[in-house]
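Enquirer: Below you will find the structure I want to go over with you.
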Amino acid sequence: MKNNGSAFGTNRNIDSTLKNLSGHRGASKFAFAIILLLYIVAAVFTVLTTRIPAPVMVFGNPIPPNIFTGVFSAISNICIVLMAVFFKKAGYFTALVILVLNSPMMVVNIIVRHNYTSIPGFFTNLLTVVAITMIYINNCRIGKYQQRLGEQAVTDMLTGLPNRFACTEFMEDLARRGVDFAVVSIDLNNFKSINDIMGHEIGDAVLNEVASRWKVLADSHMSGTLDFVARLGGDEFSLIVRDFHSDTDIMDTINSYKYELERKLTIENCDYFLTARFGYAKFPEDADNAVTLFSYADSAMHELKRQRISNCVLHFTNSLHKDELTLEIERKIRTALDNDAIMCYLQPQYDMSHKLRGFEAFARMKDTDGSFISPAEFIPVAEKTGLIDRVDITVFRQAAAFMGEILKDRDLDITLSVNISVRHLLKNNFLDEIKEIMGETGIPSDHLEFEITESIMVDSEGRALQYINDAKKLGIKVAIDDFGTGYSSLSYLHKIPADLLKIDKSFIDVMNNSESSKQYVATIISIGHILNLDVISEGVESNEQLETLQKIGCDYIQGYLWGRPMSLYDAAKLVSETT
């Protein structure tokens with residue numbers, strides 16, 4: 001990763017960068033050129049109008065040209081004043097030179113040529129010199145004040161390092177220009193005890209010494225990267241690292257600052273030994289804006305604090321803000337439920353001769369920008385936050401309406417398979433909800449299949465069996481999902497009045513890797529057949545897997561080989577084409 005430069009310079013030290021951050025930008029050179037050109041034009045016309053004897057016809061009326069002399073003279077003077085007001089030193093001295101050069105010509109006109117009409121112009125020039133000089137002096141005073149305010153805005157008053165604002169501005173500039181960089185959040189360990197025991201004056205002296213060491217290191221480029229050090233407040237510092245090629249370079253740079261910090265520090269004949277925690281995040285790998293990068297670097301540093309690990313460096317990873325992600329995804333799920341953005345997709349299931357058995361219903365969710373959120377992200381959060389039953393019933397309602405419409409006035413032997421979570425199944429009104437939707441959509445119960453997992457029996461065996469038996473009485477089929485990945489107790493399998501056994505994709509993936517893996521799948525199929533259950537394998541993605549499953553007696557398959565999850569519209573087309 002190479003640094004592509006920035007508005008604040010590639011190799012400039014911290015002081016130079018601060019000056020650029022705090023510097024007051026004047027008006028553009030283009031505007032200065034326009035005003036200067038306008039002055040020249042006005043000055044030329046001022047002279048011409050005094051020398052043209054013949055009157056000028058304006059709207060049919062003869063007007064002496066010298067009437068316009070004052071107009072163009074006023075425009076010239078305004079241009080002079082604008083130079084002094086907006087263009088600081090360059091504008092003032094340009095205006096001053098112009099006025100000084102004009103004065104001898106006026107004196108000659110008055111004394112030699114006895115052209116006394118130049119007297120007002122001479123005094124106007126003289127007074128304009130006084131005016132622009134006063135403007136320039138006042139601008140200098142204001143400029144110094146603005147410079148002081150600018151420096152205070154970007155500088156930490158205790159250490160002289162850039163402050164949080166300067167650090168953020170610098171990062172935003174780098175991000176705008178697409179420059180790769182890392183931001184390191186630094187927190188000194190046990191610094192509070194120095195303040196409490198030795199007093200704040202000693203604490204401030206310690207901070208100044210740390211800042212001085214790090215500033216010298218940053219300006220010397222001895223770390224091998226381009227570095228920018230800032231103090232955020234208290235005992236918190238930040239380091240921006242550029243011009244690195246890998247994480248190893250970043251770690252080497254951080255370790256160089258770590259080494260400088262850990263060298264013995266002596267204040268008023270007392271020795272201090274400091275350590276710190278360092279957390280870092282990278283642009284654009286971890287985040288694409290300054291605020292988020294700061295937050296992520298802080299998250300890494302605070303994780304070290306939480307684990308009570310001192311004197312260590314940690315790179316931010318997504319696992320460090322799982323709680324924040326969970327809250328964000330929960331908010332998105334609730335928004336999707338309220339805005340009908342939870343959708344049903346259907347994946348086809350086939351027998352081994354490629355005859356359509358039916359479909360399994362899956363939940364898909366759109367973000368507010370219209371993009372899809374992975375089920376691997378939102379389904380676990382829905383389960384954790386108790387929203388899974390609302391997601392289940394939303395998907396079931398859409399799938400049942402689809403199947404009810406497909407089966408209307410048609411005698412088709414296809415099944416709709418829907419996943420039922422433990423939380424949903426154990427709700428007191430579970431079957432009432434199912435009956436209501438069945439009545440609304442017209443889906444026959446013998447075309448409906450519930451997929452449950454063995455964990456249902458562990459969570460609440462008695463109630464679960466009651467609800468499963470009640471569903472069976474309605475004519476609904478039952479499938480045991482993900483068999484072999486959970487508890488896989490034959491006693492549970494024997495108790496559940498199931499019709500179908502589903503072999504998890506993880507077993508199908510490795511089935512052809514070894515004879516033992518293939519025999520394991522064959523054993524599950526045999527167990528299913530012994531218990532008078534049909535067996536379906538999910539996640540079938542290759543012809544080799546299909547051939548093996550045919551040989552060992554599997555009844556049905558489901559997977560990308562013969563069909564990915566599809567929209568209801570595409571599922572309807574598939575039914576029409578295959579029946």
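Simple scheme: letters A, B, ... for chains in structure tokens order, numbers from 1 for residues in each chain, numbers from 1 for ligands in the order shown.
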What's around Ile468 in chain A at 8 Å? Count only C-alpha atoms, leave out sequence neighbours fewer than 5 positions away in its own chain, and write the answer as a list in words.
Expert: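 Contacts, in chain order: Val478, Ile496 and Pro497 of chain A.
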Enquirer: May I have the residues from that selection written out with C-alpha atoms, as an mmCIF file, in the first residue's frame?
Expert:
```cif
data_model
loop_
_atom_site.group_PDB
_atom_site.id
_atom_site.type_symbol
_atom_site.label_atom_id
_atom_site.label_comp_id
_atom_site.auth_asym_id
_atom_site.auth_seq_id
_atom_site.Cartn_x
_atom_site.Cartn_y
_atom_site.Cartn_z
ATOM 1 C CA VAL A 478 -43.243 -33.390 9.723
ATOM 2 C CA ILE A 496 -41.117 -37.715 16.947
ATOM 3 C CA PRO A 497 -43.908 -38.731 14.541
#
```
Enquirer: Tell me which of A:Met198, A:Leu101, A:Ala297, A:Ala571 sits closest to Val313 in chain A, counting only C-alpha atoms.
Expert: A:Ala297
Enquirer: Which is closest to Phe396 in chain A among A:Asn195, A:Thr441, A:Ser353, A:Thr335, if we use only C-alpha atoms?
Expert: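 Among the listed residues, A:Thr441 lies closest to Phe396 in chain A.
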Enquirer: Check the smallest atom-to-atom distance from each of A:Thr394, A:Asn543, A:Ser212, A:Ser514 to Ile434 in chain A using only C-alpha atoms, then report the winner.
Expert: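 Between A:Thr394, A:Asn543, A:Ser212, A:Ser514, the residue approaching Ile434 in chain A most closely is A:Thr394.
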Enquirer: Please determine, counting only C-alpha atoms, which residue among A:Arg364, A:Arg242, A:Lys89, A:Arg176 has the shortest atom-to-atom distance to Ile137 in chain A.
Expert: A:Lys89
Enquirer: Out of A:Leu531, A:Gly563, A:Phe191, A:Glu538, which residue has the shortest atom-to-atom distance to Tyr272 in chain A when counting only C-alpha atoms?
Expert: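 Answer, going by the shortest atom-to-atom distance: A:Phe191.
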Enquirer: List the neighbours of Phe244 in chain A out to 12 Å using only C-alpha atoms; skip same-chain residues closer than 4 positions along the sequence, and give me the result as an mmCIF file with C-alpha atoms, in the first residue's frame.
Expert:
```cif
data_model
loop_
_atom_site.group_PDB
_atom_site.id
_atom_site.type_symbol
_atom_site.label_atom_id
_atom_site.label_comp_id
_atom_site.auth_asym_id
_atom_site.auth_seq_id
_atom_site.Cartn_x
_atom_site.Cartn_y
_atom_site.Cartn_z
ATOM 1 C CA MET A 1 0.000 0.000 0.000
ATOM 2 C CA LYS A 2 1.516 3.280 -1.090
ATOM 3 C CA ASN A 3 0.630 6.764 -0.004
ATOM 4 C CA ASN A 4 -0.775 8.859 -2.825
ATOM 5 C CA VAL A 179 -4.955 7.242 0.510
ATOM 6 C CA ASP A 180 -4.537 3.996 2.463
ATOM 7 C CA PHE A 181 -3.878 4.620 6.149
ATOM 8 C CA ALA A 182 -4.320 3.112 9.593
ATOM 9 C CA SER A 223 9.567 4.176 11.893
ATOM 10 C CA GLY A 224 9.702 3.482 8.146
ATOM 11 C CA THR A 225 6.225 4.921 7.535
ATOM 12 C CA LEU A 226 4.677 8.395 7.396
ATOM 13 C CA ASP A 227 3.191 9.110 10.819
ATOM 14 C CA ILE A 240 -2.167 7.901 11.790
ATOM 15 C CA THR A 248 3.592 -6.147 9.543
ATOM 16 C CA ASP A 249 4.673 -2.604 8.647
ATOM 17 C CA ILE A 250 1.894 -1.183 10.813
ATOM 18 C CA MET A 251 2.886 -3.415 13.714
ATOM 19 C CA ASP A 252 6.542 -2.411 13.329
ATOM 20 C CA THR A 253 5.575 1.268 13.411
ATOM 21 C CA ILE A 254 3.369 0.828 16.487
ATOM 22 C CA LYS A 282 -7.383 0.445 8.517
ATOM 23 C CA PHE A 283 -8.837 2.507 5.703
#
```
Enquirer: Suppose you want the space between CA of Asp392 in chain A and CA of Asn419 in chain A; what is it in Å?
Expert: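 That distance, rounded to one decimal, is 7.3 Å.
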Enquirer: Distance CA of Cys312 in chain A-CA of Ala175 in chain A, one decimal place?
Expert: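 Interatomic distance here is 27.1 Å.
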Enquirer: Range 314-499 of chain A: which residues are strand (DSSP E) by DSSP, as an MDAnalysis selection string?
Expert: chainID A and resid 314:315 342:351 356:366 372:373 415:419 448:452 477:483
Enquirer: Can you tell me, as an NGL selection string, which residues in range 315-527 of chain A count as alpha helix (DSSP H) by DSSP?
Expert: :A and (322-338 or 375-384 or 388-407 or 422-425 or 430-441 or 455-473 or 490-495 or 505-510 or 515-527)
Enquirer: Between CA of Val81 in chain A and CA of Ile132 in chain A, what is the spacing in Å?
Expert: 6.2 Å
Enquirer: Nearest to Asn513 in chain A: which of A:Asp411, A:Gln545, A:Ala498, A:Glu377 is it, counting only C-alpha atoms?
Expert: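 Counting only C-alpha atoms, the residue closest to Asn513 in chain A is A:Gln545.
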Enquirer: Need the shell around Gly528 in chain A: protein/DNA/RNA residues with any atom at most 10 Å away, counting only C-alpha atoms. Skip same-chain ones fewer than 4 positions apart. Format as a list of chain:residue names?
Expert: A:Leu493, A:Ala498, A:Asp499, A:Leu500, A:Leu501, A:Lys502, A:Ala522, A:Thr523, A:Ile524, A:Asn532, A:Leu533, A:Asp534, A:Val535, A:Ile536, A:Cys554
Enquirer: Take the selection from the previous step and output its residues with N, CA and C atoms, as a CSV table (one decimal), in the first residue's frame.
Expert:
```
chain,number,residue,atom,x,y,z
A,493,LEU,N,-35.6,-39.4,18.0
A,493,LEU,CA,-36.0,-39.7,16.6
A,493,LEU,C,-37.2,-40.7,16.6
A,498,ALA,N,-42.4,-38.3,12.7
A,498,ALA,CA,-41.9,-37.7,11.5
A,498,ALA,C,-42.2,-38.5,10.3
A,499,ASP,N,-42.2,-37.8,9.1
A,499,ASP,CA,-42.4,-38.4,7.8
A,499,ASP,C,-41.1,-38.4,7.0
A,500,LEU,N,-40.2,-37.4,7.3
A,500,LEU,CA,-39.0,-37.2,6.5
A,500,LEU,C,-37.8,-36.9,7.3
A,501,LEU,N,-36.7,-37.4,6.9
A,501,LEU,CA,-35.4,-37.1,7.5
A,501,LEU,C,-34.5,-36.3,6.6
A,502,LYS,N,-34.0,-35.1,7.0
A,502,LYS,CA,-33.1,-34.3,6.2
A,502,LYS,C,-31.7,-34.5,6.6
A,522,ALA,N,-24.7,-43.1,4.4
A,522,ALA,CA,-25.4,-44.3,4.1
A,522,ALA,C,-26.1,-44.9,5.3
A,523,THR,N,-25.5,-44.7,6.5
A,523,THR,CA,-26.0,-45.2,7.7
A,523,THR,C,-27.2,-44.4,8.1
A,524,ILE,N,-27.1,-43.0,7.9
A,524,ILE,CA,-28.3,-42.2,8.3
A,524,ILE,C,-29.5,-42.5,7.4
A,532,ASN,N,-39.1,-46.1,8.8
A,532,ASN,CA,-40.2,-45.9,7.8
A,532,ASN,C,-40.2,-44.4,7.5
A,533,LEU,N,-39.1,-43.7,7.3
A,533,LEU,CA,-39.0,-42.3,7.0
A,533,LEU,C,-38.4,-42.2,5.6
A,534,ASP,N,-38.9,-41.3,4.8
A,534,ASP,CA,-38.2,-40.9,3.6
A,534,ASP,C,-37.0,-40.0,4.0
A,535,VAL,N,-36.0,-40.0,3.1
A,535,VAL,CA,-34.8,-39.3,3.4
A,535,VAL,C,-34.5,-38.3,2.2
A,536,ILE,N,-34.2,-37.1,2.6
A,536,ILE,CA,-33.8,-36.1,1.6
A,536,ILE,C,-32.4,-35.5,2.0
A,554,CYS,N,-30.7,-42.8,-1.3
A,554,CYS,CA,-31.4,-41.6,-0.9
A,554,CYS,C,-32.7,-41.4,-1.7
```
